[in-house]
Amino acid sequence: MLAFLAALFVLPPVQAAPVVLHGAHVLVPEANAWREGDVRLVAGKIESVARAGQVGEGEALDLGGLYLVPGLIDLHTHLLLHPYDETKWDEQVLKESLELRTIRAVVQARATLEAGFTTVRELGTEGAGFADVALRDAIARELVSGPRIFTATRAIVATGCYGPAGFDPRWEMPKGAQEADGVDGVRVAVRQQVAAGADWIKFYADYRRAAGAPATPTFSLEEMTALVAEATSAGKPVAAHATTDEGARRATLAGVKTIEHGTEISEATLKLMQARGVVLVPTLAASEAVARYAGWDGAEPAPEHVRAGLATLKKAHELGVPIANGSDAGVFRHGDNARELELLAAALGSPALALRAATLDAARVLSRDDLGRIAVGCAADLVALEADPLADIHALRRVVLVVRDGRVVFDKRPKR
């Protein structure tokens with residue numbers, strides 16, 4: 001009876017009035033051309049896309065002369081980190097409080113959204129526990145403003161194969177990820193992360209084992225296979241950090257969905273990735289940032305690891321390996337996520353391919369056909385730009401309007 005009486009006094013949620021985005025050049029779903037027309041948004045979805053005057057009524061937003069693209073997707077971010085030239089990674093993990101890091105992440109989430117990135121895959125809190133889950137939920141509940149977040153919580157690493165490292169072995173130092181070993185151990189780690197709210201599972205297929213040492217594979221194929229099997233049983237896809245060829249090969253055989261970085265992958269392993277539909281997320285912007293922090297001025301020749309990453313990307317594209325956008329923002333400034341797309345466009349010789357990597361192709365990685373397209377039934381995540389990004393990818397930095405789930409969250413159109 002009490003529940004019945006309470007229900008009588010529960011008001012239905014207030015639905016925002018329909019909105020019509022008028023006068024923009026609208027990106028077609030294939031992300032390679034423009035069409036002219038209006039877009040009508042209803043209840044957080046795209047209700048219609050048609051010629052001017054044919055989409056129905058609603059509050060009109062004049063976007064005359066602007067270029068309308070789907071909300072951009074970054075598949076590799078670290079909102080709990082800030083640029084390494086501000087504070088070194090070890091110091092962030094060991095010295096900055098969880099509270100400070102979480103508050104900063106709220107600010108950085110807002111900067112990411114205002115840069116036009118309405119969805120991110122957050123690939124590891126780097127010592128900040130499960131704060132990404134809290135941030136995801138706070139944004140979903142509209143307590144703070146930011147992109148839609150897919151979480152990976154702590155990431156999983158083999159014992160002794162992550163940082164902070166290099167301390168007197170008598171002391172147990174906090175780690176930037178969750179250590180696990182053996183088939184049973186990695187299964188337990190996956191279960192713990194899923195229970196804590198992980199949307200994805202991330203593990204490190206390789207890493208350096210001592211300061212200054214080269215990266216080597218860490219988990220065995222058996223461990224990786226068990227990890228992926230446990231995640232799959234829980235309905236969670238898996239991303240693997242892999243810079244070495246053998247690390248990427250094992251991860252591909254184990255059944256991961258994405259390989260992150262992939263700096264030194266051989267042609268044979270790239271062919272294996274292509275055959276199994278494994279997606280490469282190259283994180284070129286992070287490699288560039290790390291090189292610049294070390295003193296590179298951007299002139300040719302680029303440092304070896306920068307050249308290696310570009311060579312892998314080009315070979316992957318040539319072989320038909322799926323490629324999707326992920327910047328590793330956090331290594332560099334959040335809000336500069338478009339730098340990855342500028343580098344992708346230059347490497348692939350096509351702004352359209354770069355834009356597709358951050359829209360349609362990235363949405364497919366997330367298994368979300370309602371993202372990454374301006375089409376009927378899709379989420380009303382939209383970005384209006386001052387200039388044409390198919391002509392010049394740098395136009396992605398000229399954001400005028402951002403809509404997320406049908407709500408205007410950033411608007412710097414001239415007031416009339």
# chains A, B, ... in the order shown; residues from 1 in each chain; ligands from 1
call {"tool": "residues_around", "arguments": {"residues": "range 180-191 of chain A", "least_positions_apart": "3", "cutoff": "8 Å", "atoms": "only C-alpha atoms", "output": "ChimeraX atom specification"}}
result
/A:156-159,194-195,201,219,222-223,226-227,230-231
call {"tool": "write_last_selection", "arguments": {"atoms": "N, CA and C atoms", "output": "PDB file, in the first residue's frame"}}
result
ATOM      1  N   ILE A 156      45.430  -4.784 -15.530  1.00  0.00           N
ATOM      2  CA  ILE A 156      46.016  -5.983 -14.922  1.00  0.00           C
ATOM      3  C   ILE A 156      47.428  -6.164 -15.469  1.00  0.00           C
ATOM      4  N   VAL A 157      48.377  -6.376 -14.554  1.00  0.00           N
ATOM      5  CA  VAL A 157      49.783  -6.516 -14.929  1.00  0.00           C
ATOM      6  C   VAL A 157      50.374  -7.727 -14.216  1.00  0.00           C
ATOM      7  N   ALA A 158      51.423  -8.287 -14.792  1.00  0.00           N
ATOM      8  CA  ALA A 158      52.155  -9.368 -14.130  1.00  0.00           C
ATOM      9  C   ALA A 158      53.020  -8.786 -13.020  1.00  0.00           C
ATOM     10  N   THR A 159      53.225  -9.559 -11.979  1.00  0.00           N
ATOM     11  CA  THR A 159      54.034  -9.101 -10.841  1.00  0.00           C
ATOM     12  C   THR A 159      55.429  -8.670 -11.297  1.00  0.00           C
ATOM     13  N   VAL A 194      35.365  -6.566 -12.645  1.00  0.00           N
ATOM     14  CA  VAL A 194      33.982  -6.555 -13.125  1.00  0.00           C
ATOM     15  C   VAL A 194      33.031  -6.224 -11.981  1.00  0.00           C
ATOM     16  N   ALA A 195      33.255  -6.831 -10.809  1.00  0.00           N
ATOM     17  CA  ALA A 195      32.401  -6.562  -9.654  1.00  0.00           C
ATOM     18  C   ALA A 195      32.465  -5.102  -9.231  1.00  0.00           C
ATOM     19  N   ILE A 201      38.008  -4.806 -19.767  1.00  0.00           N
ATOM     20  CA  ILE A 201      39.185  -5.283 -19.048  1.00  0.00           C
ATOM     21  C   ILE A 201      40.411  -4.923 -19.880  1.00  0.00           C
ATOM     22  N   PHE A 219      52.750 -11.741 -19.511  1.00  0.00           N
ATOM     23  CA  PHE A 219      51.880 -12.894 -19.322  1.00  0.00           C
ATOM     24  C   PHE A 219      52.129 -13.954 -20.396  1.00  0.00           C
ATOM     25  N   GLU A 222      48.802 -18.792 -22.066  1.00  0.00           N
ATOM     26  CA  GLU A 222      47.789 -19.463 -21.244  1.00  0.00           C
ATOM     27  C   GLU A 222      47.127 -18.472 -20.288  1.00  0.00           C
ATOM     28  N   GLU A 223      47.927 -17.607 -19.679  1.00  0.00           N
ATOM     29  CA  GLU A 223      47.367 -16.602 -18.775  1.00  0.00           C
ATOM     30  C   GLU A 223      46.462 -15.630 -19.535  1.00  0.00           C
ATOM     31  N   ALA A 226      43.172 -17.290 -20.484  1.00  0.00           N
ATOM     32  CA  ALA A 226      42.283 -17.417 -19.330  1.00  0.00           C
ATOM     33  C   ALA A 226      41.664 -16.075 -18.964  1.00  0.00           C
ATOM     34  N   LEU A 227      42.460 -15.014 -19.025  1.00  0.00           N
ATOM     35  CA  LEU A 227      41.972 -13.673 -18.715  1.00  0.00           C
ATOM     36  C   LEU A 227      40.847 -13.286 -19.676  1.00  0.00           C
ATOM     37  N   GLU A 230      37.657 -15.326 -19.073  1.00  0.00           N
ATOM     38  CA  GLU A 230      36.897 -14.882 -17.901  1.00  0.00           C
ATOM     39  C   GLU A 230      36.150 -13.594 -18.205  1.00  0.00           C
ATOM     40  N   ALA A 231      36.807 -12.663 -18.888  1.00  0.00           N
ATOM     41  CA  ALA A 231      36.145 -11.415 -19.249  1.00  0.00           C
ATOM     42  C   ALA A 231      34.975 -11.680 -20.194  1.00  0.00           C
TER      43      ALA A 231
END
call {"tool": "residues_around", "arguments": {"residues": "Met224 in chain A", "least_positions_apart": "3", "cutoff": "8 Å", "atoms": "only C-alpha atoms", "output": "number ranges by chain"}}
result
A: 205, 219-221, 227-228, 250-251, 254
call {"tool": "write_last_selection", "arguments": {"atoms": "N, CA and C atoms", "output": "PDB file, in the first residue's frame"}}
result
ATOM      1  N   ALA A 205      50.197  -6.806 -22.032  1.00  0.00           N
ATOM      2  CA  ALA A 205      50.787  -8.000 -22.634  1.00  0.00           C
ATOM      3  C   ALA A 205      52.304  -7.962 -22.591  1.00  0.00           C
ATOM      4  N   PHE A 219      52.750 -11.741 -19.511  1.00  0.00           N
ATOM      5  CA  PHE A 219      51.880 -12.894 -19.322  1.00  0.00           C
ATOM      6  C   PHE A 219      52.129 -13.954 -20.396  1.00  0.00           C
ATOM      7  N   SER A 220      51.980 -15.204 -20.010  1.00  0.00           N
ATOM      8  CA  SER A 220      52.041 -16.301 -20.980  1.00  0.00           C
ATOM      9  C   SER A 220      50.764 -16.312 -21.809  1.00  0.00           C
ATOM     10  N   LEU A 221      50.788 -17.058 -22.904  1.00  0.00           N
ATOM     11  CA  LEU A 221      49.590 -17.196 -23.723  1.00  0.00           C
ATOM     12  C   LEU A 221      48.468 -17.837 -22.913  1.00  0.00           C
ATOM     13  N   LEU A 227      42.460 -15.014 -19.025  1.00  0.00           N
ATOM     14  CA  LEU A 227      41.972 -13.673 -18.715  1.00  0.00           C
ATOM     15  C   LEU A 227      40.847 -13.286 -19.676  1.00  0.00           C
ATOM     16  N   VAL A 228      41.091 -13.480 -20.974  1.00  0.00           N
ATOM     17  CA  VAL A 228      40.077 -13.117 -21.965  1.00  0.00           C
ATOM     18  C   VAL A 228      38.835 -13.985 -21.812  1.00  0.00           C
ATOM     19  N   ARG A 250      50.579 -12.819 -28.899  1.00  0.00           N
ATOM     20  CA  ARG A 250      49.909 -13.608 -27.872  1.00  0.00           C
ATOM     21  C   ARG A 250      48.526 -13.030 -27.566  1.00  0.00           C
ATOM     22  N   ALA A 251      48.447 -11.712 -27.450  1.00  0.00           N
ATOM     23  CA  ALA A 251      47.169 -11.086 -27.128  1.00  0.00           C
ATOM     24  C   ALA A 251      46.141 -11.338 -28.223  1.00  0.00           C
ATOM     25  N   ALA A 254      44.919 -14.792 -27.977  1.00  0.00           N
ATOM     26  CA  ALA A 254      44.072 -14.955 -26.792  1.00  0.00           C
ATOM     27  C   ALA A 254      42.655 -14.439 -27.011  1.00  0.00           C
TER      28      ALA A 254
END
call {"tool": "residues_around", "arguments": {"residues": "Pro414 in chain A", "least_positions_apart": "4", "cutoff": "12 Å", "atoms": "only C-alpha atoms", "output": "ChimeraX atom specification"}}
result
/A:61-64,386,400-401
call {"tool": "closest_atom_pairs", "arguments": {"of": "range 219-320 of chain A", "to": "range 111-135 of chain A", "cutoff": "12 Å", "atoms": "only C-alpha atoms", "output": "Markdown table"}}
result
| residue | atom | partner | partner_atom | distance |
| --- | --- | --- | --- | --- |
| A:Pro237 | CA | A:Arg121 | CA | 11.8 |
| A:Val238 | CA | A:Leu123 | CA | 10.4 |
| A:Ala239 | CA | A:Leu123 | CA | 8.3 |
| A:Ala240 | CA | A:Leu123 | CA | 9.8 |
| A:His241 | CA | A:Leu123 | CA | 9.6 |
| A:Thr258 | CA | A:Leu123 | CA | 11.5 |
| A:Ile259 | CA | A:Leu123 | CA | 11.9 |
| A:Glu260 | CA | A:Leu123 | CA | 9.7 |
| A:Val281 | CA | A:Arg121 | CA | 11.5 |
call {"tool": "write_last_selection", "arguments": {"atoms": "N, CA and C atoms", "output": "CSV table (one decimal), in the first residue's frame"}}
result
chain,number,residue,atom,x,y,z
A,237,PRO,N,34.5,-6.9,-23.1
A,237,PRO,CA,35.6,-7.0,-24.0
A,237,PRO,C,36.9,-6.7,-23.4
A,238,VAL,N,38.0,-7.0,-24.1
A,238,VAL,CA,39.4,-6.9,-23.6
A,238,VAL,C,40.3,-6.0,-24.5
A,239,ALA,N,41.0,-5.1,-23.9
A,239,ALA,CA,42.0,-4.3,-24.6
A,239,ALA,C,43.4,-4.7,-24.0
A,240,ALA,N,44.4,-4.8,-24.9
A,240,ALA,CA,45.7,-5.2,-24.5
A,240,ALA,C,46.7,-4.1,-24.8
A,241,HIS,N,47.5,-3.6,-23.8
A,241,HIS,CA,48.7,-2.8,-24.1
A,241,HIS,C,49.7,-3.8,-24.7
A,258,THR,N,41.1,-5.2,-28.9
A,258,THR,CA,42.0,-4.1,-29.4
A,258,THR,C,43.4,-4.3,-28.9
A,259,ILE,N,44.3,-3.9,-29.7
A,259,ILE,CA,45.7,-3.8,-29.3
A,259,ILE,C,46.0,-2.3,-29.2
A,260,GLU,N,46.5,-1.9,-28.0
A,260,GLU,CA,46.9,-0.5,-27.8
A,260,GLU,C,48.4,-0.2,-28.1
A,281,VAL,N,44.8,0.4,-32.0
A,281,VAL,CA,44.6,1.8,-31.5
A,281,VAL,C,46.0,2.4,-31.3
call {"tool": "select_by_dssp", "arguments": {"residues": "range 281-402 of chain A", "states": "strand (DSSP E)", "output": "ChimeraX atom specification"}}
result
/A:281,382-385,399-402
call {"tool": "residues_around", "arguments": {"residues": "Ala138 in chain A", "least_positions_apart": "4", "cutoff": "12 Å", "atoms": "only C-alpha atoms", "output": "number ranges by chain"}}
result
A: 102-103, 105-106, 109, 131-134, 142-149
call {"tool": "atom_distance", "arguments": {"atom1": "CA of Leu72 in chain A", "atom2": "CA of Thr359 in chain A"}}
result
5.7 Å
call {"tool": "residues_around", "arguments": {"residues": "Arg368 in chain A", "least_positions_apart": "3", "cutoff": "12 Å", "atoms": "only C-alpha atoms", "output": "PyMOL selection string"}}
result
chain A and resi 73+119+150+359-365+371-373+377-379
call {"tool": "write_last_selection", "arguments": {"atoms": "N, CA and C atoms", "output": "CSV table (one decimal), in the first residue's frame"}}
result
chain,number,residue,atom,x,y,z
A,73,ILE,N,34.8,10.2,-30.6
A,73,ILE,CA,35.1,9.1,-29.6
A,73,ILE,C,36.6,8.9,-29.5
A,119,THR,N,32.4,10.8,-26.1
A,119,THR,CA,32.5,9.4,-25.5
A,119,THR,C,34.0,9.1,-25.4
A,150,PHE,N,33.4,4.7,-20.8
A,150,PHE,CA,33.5,3.2,-20.7
A,150,PHE,C,34.8,3.0,-19.8
A,359,THR,N,34.7,8.1,-35.2
A,359,THR,CA,33.3,8.1,-35.3
A,359,THR,C,32.8,6.7,-35.5
A,360,LEU,N,32.5,6.4,-36.7
A,360,LEU,CA,31.9,5.1,-37.1
A,360,LEU,C,32.8,3.9,-36.6
A,361,ASP,N,34.1,3.9,-36.9
A,361,ASP,CA,35.0,2.8,-36.5
A,361,ASP,C,35.1,2.7,-35.0
A,362,ALA,N,35.2,3.8,-34.3
A,362,ALA,CA,35.4,3.7,-32.9
A,362,ALA,C,34.1,3.2,-32.2
A,363,ALA,N,32.9,3.6,-32.8
A,363,ALA,CA,31.7,3.1,-32.2
A,363,ALA,C,31.5,1.6,-32.4
A,364,ARG,N,32.0,1.1,-33.5
A,364,ARG,CA,32.0,-0.4,-33.7
A,364,ARG,C,32.8,-1.1,-32.7
A,365,VAL,N,34.0,-0.5,-32.3
A,365,VAL,CA,34.8,-1.1,-31.2
A,365,VAL,C,34.0,-1.2,-29.9
A,371,LEU,N,26.1,5.2,-31.8
A,371,LEU,CA,27.1,6.3,-31.7
A,371,LEU,C,27.9,6.4,-33.0
A,372,GLY,N,28.5,7.5,-33.2
A,372,GLY,CA,29.4,7.7,-34.3
A,372,GLY,C,28.8,8.0,-35.6
A,373,ARG,N,27.5,8.2,-35.6
A,373,ARG,CA,26.8,8.5,-36.9
A,373,ARG,C,25.7,9.5,-36.6
A,377,GLY,N,17.6,7.5,-35.0
A,377,GLY,CA,17.7,6.5,-33.9
A,377,GLY,C,19.0,6.5,-33.1
A,378,CYS,N,20.0,7.3,-33.6
A,378,CYS,CA,21.3,7.4,-32.9
A,378,CYS,C,21.2,8.4,-31.8
A,379,ALA,N,22.1,8.2,-30.8
A,379,ALA,CA,22.2,9.1,-29.7
A,379,ALA,C,22.5,10.5,-30.3
call {"tool": "closest_atom_pairs", "arguments": {"of": "range 19-101 of chain A", "to": "range 341-351 of chain A", "cutoff": "10 Å", "atoms": "only C-alpha atoms", "output": "Markdown table"}}
result
| residue | atom | partner | partner_atom | distance |
| --- | --- | --- | --- | --- |
| A:Ala31 | CA | A:Pro351 | CA | 9.9 |
| A:Asn32 | CA | A:Pro351 | CA | 8.9 |
| A:Asp74 | CA | A:Leu341 | CA | 9.8 |
call {"tool": "select_by_dssp", "arguments": {"residues": "range 234-405 of chain A", "states": "helix (DSSP H, G or I)", "output": "MDAnalysis selection string"}}
result
chainID A and resid 245:254 267:276 284:293 304:319 338:348 351:357 360:365 393:397
call {"tool": "closest_residue", "arguments": {"among": "A:Ala302, A:Leu272, A:Val39, A:Ile265", "to": "Lys314 in chain A", "atoms": "only C-alpha atoms"}}
result
A:Ile265
call {"tool": "closest_residue", "arguments": {"among": "A:Pro217, A:Gly406, A:Gly335, A:Pro389", "to": "Tyr204 in chain A", "atoms": "only C-alpha atoms"}}
result
A:Pro217
